[in-house]
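Shown next, in structure tokens, is the structure this report addresses.
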Amino acid sequence: MSKVISRISLSRNIEDIPFPSRATSIWIEDLKQRIKNLYQKIFAAKKYQWVQLDTIPKHALEKFYYQNLIPREVLENPANRYLIYSSHKGILVNYLDHLQIFSITSGLDLNRIYQDVNKLDNLIEKNIDYAYSEEWGYLTSHINKVGTGMDLSVTIHLPALSLLYGENRFIQWMRDKNLQVKNFRGEDGVIGHIYHFSNLYSLGVSEWQIINDLKKFGCTLSKWEKQVRESLKNNPPRSRELEETVMMKGRQLYRSGHFSLKDIFDFLSIWTLAWQCGIFSPRKGLKLIEVREILQKTWGNDNSLKKECLNILRYFRVISGEELCDV
């Protein structure tokens with residue numbers, strides 16, 4: 001089964017305070033105090049945590065990033081940014097907009113995470129006046145989020161479909177459906193056969209229309225990926241071809257002195273595909289210990305690259321617990 005992570009967020013701004021990109025230190029402090037007062041009034045009693053992100057250790061900040069609670073831009077620049085959270089949901093303060101109300105889930109239960117953010121949004125709106133226009137809806141720092149202010153994204157691992165049809169065809173197909181396509185790092189181009197797609201517009205469409213369209217699209221992709229994986233398992237010539245591809249990519253990566261993050265993650269992706277399809281038996285192919293040797297050669301003394309590799313393997317659901325420690 002392909003790995004799927006869904007995330008929904010509502011962008012909101014407070015009336016009469018400039019957007020974060022234009023706010024001076026006085027406005028930033030005013031925003032902080034107003035939201036912290038709101039936290040103490042409402043959210044502290046509900047067991048939410050308040051975190052000033054530029055005051056915590058790097059490893060704690062990275063944990064928030066790998067849990068999808070903050071984006072890469074906040075990981076790299078946490079100054080004057082705050083997080084109110086409880087488990088998989090919360091509010092990111094002073095990022096692109098004053099408030100980004102979010103909820104995350106594994107899978108495609110988009111209705112539930114929408115209910116999460118809607119409840120938080122209603123609580124806040126009872127106590128704070130949002131920047132809102134009768135004509136345009138919620139006013140946001142990015143024009144494509146004006147309207148509902150909703151950003152709904154689905155991140156999905158599609159190695160079998162990528163090998164069968166090619167990444168470029170999939171990217172174009174998603175864009176033809178008016179979806180924005182990035183990789184899991186928030187950049188253009190696909191890494192590790194992981195596609196991060198989201199609604200392109202928020203104006204002129206309802207929240208439920210956005211949810212229903214992306215849920216239907218995500219379910220179609222998941223079903224299609226599953227069918228292709230089954231055909232790989234049940235077709236000996238195709239199984240051997242995948243096995244040979246993994247072995248060849250592994251040798252190339254081990255012997256090469258020049259490789260990109262995409263080279264590493266694409267190899268881990270197809271190895272994971274073959275491993276999950278049962279194509280590699282315990283006595284044959286690239287087992288975990290052999291992959292570990294390739295990775296140790298690849299990342300050398302680069303601890304940040306090592307962490308990226310281990311987290312992508314965790315995302316693929318390949319390693320955990322003692323196996324993770326061994327790597």
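Just so we're on the same page: first chain in the structure tokens is A, next is B, and so on; residues restart at 1 for each chain, and ligands are numbered from 1 in the order they show up.
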Any chance you could tabulate, as CSV, the residues of segment 233-311 of chain A at most 10 Å from segment 62-68 of chain A with each one's nearest atom pair and distance in Å to one decimal, using only C-alpha atoms, in chain and rising number order?
residue,atom,partner,partner_atom,distance
A:Lys307,CA,A:Glu62,CA,9.9
A:Glu308,CA,A:Tyr66,CA,9.6
A:Asn311,CA,A:Tyr66,CA,7.6
Which segment 269-320 of chain A residues have any atom within 7 Å of an atom of segment 233-244 of chain A, and for each, what is the nearest pair of atoms with distance in Å to one decimal, counting only C-alpha atoms, rows sorted by chain and number, as a tab-separated table?
residue	atom	partner	partner_atom	distance
A:Ala274	CA	A:Glu243	CA	6.8
A:Cys277	CA	A:Lys233	CA	5.8
A:Ile279	CA	A:Ser239	CA	6.4
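Counting only C-alpha atoms and comparing A:Leu261, A:Ile101, A:Leu313, A:Leu268, the residue that lies closest to Trp299 of chain A is A:Leu261.
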Q. Can you list, as a PyMOL selection string, every residue of segment 110-318 of chain A that DSSP puts in alpha helix (DSSP H)?
A. chain A and resi 110-125+159-165+167-176+207-234+236-255+261-276+288-299+303-315
Selection to disk with C-alpha atoms, as a compact mmCIF listing (two decimals), in the first residue's frame:
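Now in selection.txt:
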# COMPACT_ATOMS: atom_id res chain seq x y z
CA LEU A 110 -10.07 14.66 4.66
CA ASN A 111 -13.50 15.20 6.22
CA ARG A 112 -12.12 14.62 9.72
CA ILE A 113 -9.18 17.00 9.42
CA TYR A 114 -11.47 19.64 7.93
CA GLN A 115 -13.71 19.33 10.98
CA ASP A 116 -10.58 19.80 13.14
CA VAL A 117 -9.55 23.08 11.52
CA ASN A 118 -13.13 24.34 11.26
CA LYS A 119 -13.63 23.97 15.02
CA LEU A 120 -10.37 25.80 15.75
CA ASP A 121 -11.25 28.50 13.23
CA ASN A 122 -14.65 29.10 14.83
CA LEU A 123 -13.11 29.36 18.31
CA ILE A 124 -10.61 31.97 17.14
CA GLU A 125 -13.13 33.96 15.10
CA PRO A 159 6.99 4.33 -7.23
CA ALA A 160 5.21 1.70 -9.35
CA LEU A 161 3.26 4.24 -11.39
CA SER A 162 6.37 6.43 -11.76
CA LEU A 163 8.37 3.54 -13.19
CA LEU A 164 5.54 2.51 -15.49
CA TYR A 165 4.53 5.89 -16.89
CA GLU A 167 7.39 11.19 -13.49
CA ASN A 168 6.92 13.93 -16.08
CA ARG A 169 3.66 12.44 -17.31
CA PHE A 170 2.30 12.30 -13.78
CA ILE A 171 3.33 15.86 -13.00
CA GLN A 172 1.68 17.13 -16.17
CA TRP A 173 -1.45 15.08 -15.49
CA MET A 174 -1.83 16.68 -12.06
CA ARG A 175 -1.26 20.17 -13.46
CA ASP A 176 -3.88 19.52 -16.14
CA GLU A 207 -14.29 24.02 1.05
CA TRP A 208 -16.29 20.84 0.42
CA GLN A 209 -15.69 20.99 -3.31
CA ILE A 210 -11.94 21.20 -2.74
CA ILE A 211 -12.11 18.31 -0.26
CA ASN A 212 -14.25 16.07 -2.47
CA ASP A 213 -12.14 16.69 -5.60
CA LEU A 214 -8.81 15.94 -3.91
CA LYS A 215 -10.16 12.94 -2.02
CA LYS A 216 -11.49 11.43 -5.23
CA PHE A 217 -8.20 12.11 -7.02
CA GLY A 218 -6.11 10.68 -4.16
CA CYS A 219 -8.24 7.53 -3.97
CA THR A 220 -7.84 7.02 -7.72
CA LEU A 221 -4.05 7.28 -7.47
CA SER A 222 -3.87 4.92 -4.46
CA LYS A 223 -6.03 2.31 -6.18
CA TRP A 224 -4.05 2.60 -9.40
CA GLU A 225 -0.71 2.28 -7.58
CA LYS A 226 -1.98 -0.83 -5.77
CA GLN A 227 -3.03 -2.43 -9.06
CA VAL A 228 0.37 -1.84 -10.65
CA ARG A 229 2.15 -3.25 -7.58
CA GLU A 230 0.01 -6.38 -7.76
CA SER A 231 0.92 -6.81 -11.41
CA LEU A 232 4.60 -6.50 -10.49
CA LYS A 233 4.30 -9.24 -7.88
CA ASN A 234 2.38 -11.59 -10.16
CA PRO A 236 7.79 -12.87 -13.13
CA PRO A 237 9.44 -11.02 -16.06
CA ARG A 238 8.46 -7.64 -14.61
CA SER A 239 9.57 -8.72 -11.14
CA ARG A 240 12.99 -9.71 -12.47
CA GLU A 241 13.25 -6.41 -14.35
CA LEU A 242 12.55 -4.44 -11.16
CA GLU A 243 15.04 -6.54 -9.20
CA GLU A 244 17.74 -5.95 -11.81
CA THR A 245 16.99 -2.21 -11.81
CA VAL A 246 17.37 -2.00 -8.04
CA MET A 247 20.64 -3.95 -8.08
CA MET A 248 22.02 -1.78 -10.88
CA LYS A 249 20.99 1.50 -9.15
CA GLY A 250 22.48 0.29 -5.88
CA ARG A 251 25.83 -0.56 -7.47
CA GLN A 252 25.93 2.77 -9.30
CA LEU A 253 25.23 4.70 -6.11
CA TYR A 254 27.84 2.75 -4.13
CA ARG A 255 30.57 3.23 -6.75
CA LEU A 261 19.62 13.73 -3.18
CA LYS A 262 17.28 12.60 -5.95
CA ASP A 263 19.66 9.74 -6.88
CA ILE A 264 19.66 8.51 -3.27
CA PHE A 265 15.93 8.82 -2.64
CA ASP A 266 14.94 7.35 -6.01
CA PHE A 267 17.09 4.31 -5.22
CA LEU A 268 15.54 3.94 -1.76
CA SER A 269 12.09 4.29 -3.33
CA ILE A 270 12.49 1.47 -5.84
CA TRP A 271 14.25 -0.75 -3.31
CA THR A 272 11.32 -0.18 -0.94
CA LEU A 273 8.89 -1.03 -3.74
CA ALA A 274 10.65 -4.32 -4.47
CA TRP A 275 10.96 -5.12 -0.75
CA GLN A 276 7.27 -4.43 -0.06
CA LEU A 288 18.59 -3.86 4.92
CA ILE A 289 22.22 -4.52 5.84
CA GLU A 290 23.32 -4.08 2.21
CA VAL A 291 21.31 -0.89 1.86
CA ARG A 292 22.95 0.32 5.06
CA GLU A 293 26.39 -0.15 3.50
CA ILE A 294 25.35 1.85 0.44
CA LEU A 295 23.93 4.63 2.60
CA GLN A 296 26.96 4.80 4.90
CA LYS A 297 29.18 5.15 1.83
CA THR A 298 26.83 7.80 0.41
CA TRP A 299 26.35 10.09 3.39
CA ASN A 303 24.85 14.03 9.48
CA SER A 304 22.12 16.13 7.85
CA LEU A 305 22.09 13.84 4.80
CA LYS A 306 22.05 10.81 7.10
CA LYS A 307 19.01 12.21 8.91
CA GLU A 308 17.24 12.88 5.62
CA CYS A 309 17.87 9.29 4.48
CA LEU A 310 16.67 7.75 7.72
CA ASN A 311 13.52 9.84 7.76
CA ILE A 312 12.67 8.98 4.17
CA LEU A 313 13.04 5.29 5.05
CA ARG A 314 10.74 5.87 8.02
CA TYR A 315 8.27 7.56 5.67
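Using only C-alpha atoms, the residues found no farther than 10 Å from Lys3 of chain A, other than those of its own chain fewer than 5 positions away, are A:Ser106, A:Gly107, A:Thr155, A:Ile156, A:His157, A:Leu158, A:Ile194, A:Ser222, A:Tyr315, A:Phe316, A:Arg317.
Rounded to one decimal, atom CA of Ala45 of chain A and atom CA of Ser25 of chain A lie 29.1 Å from each other.
Restricting the calculation to only C-alpha atoms, the smallest distance between Gln40 of chain A and any of A:Ile84, A:Leu61, A:Ile143, A:Leu203 is found for A:Ile84.
If you count only C-alpha atoms and ignore residues fewer than 4 places along the chain from Tyr132 of chain A, what sits within 10 Å of it is Arg12, Asn13, Ile14, Glu15, Trp136, Gly137, Tyr138, Leu139, Thr140, Val146 and Gly147 of chain A.
Residues of segment 134-311 of chain A that DSSP places in strand (DSSP E or B), based on the backbone of this structure, are Gly137, Tyr138, Gly147, Met150, Asp151, Leu152, Ser153, Val154, Thr155, Ile156, His157, Leu179, Gln180, Val181, Lys182, Ile191, Ile194, Tyr195, His196, Phe197, Ser198 and Asn199 of chain A.
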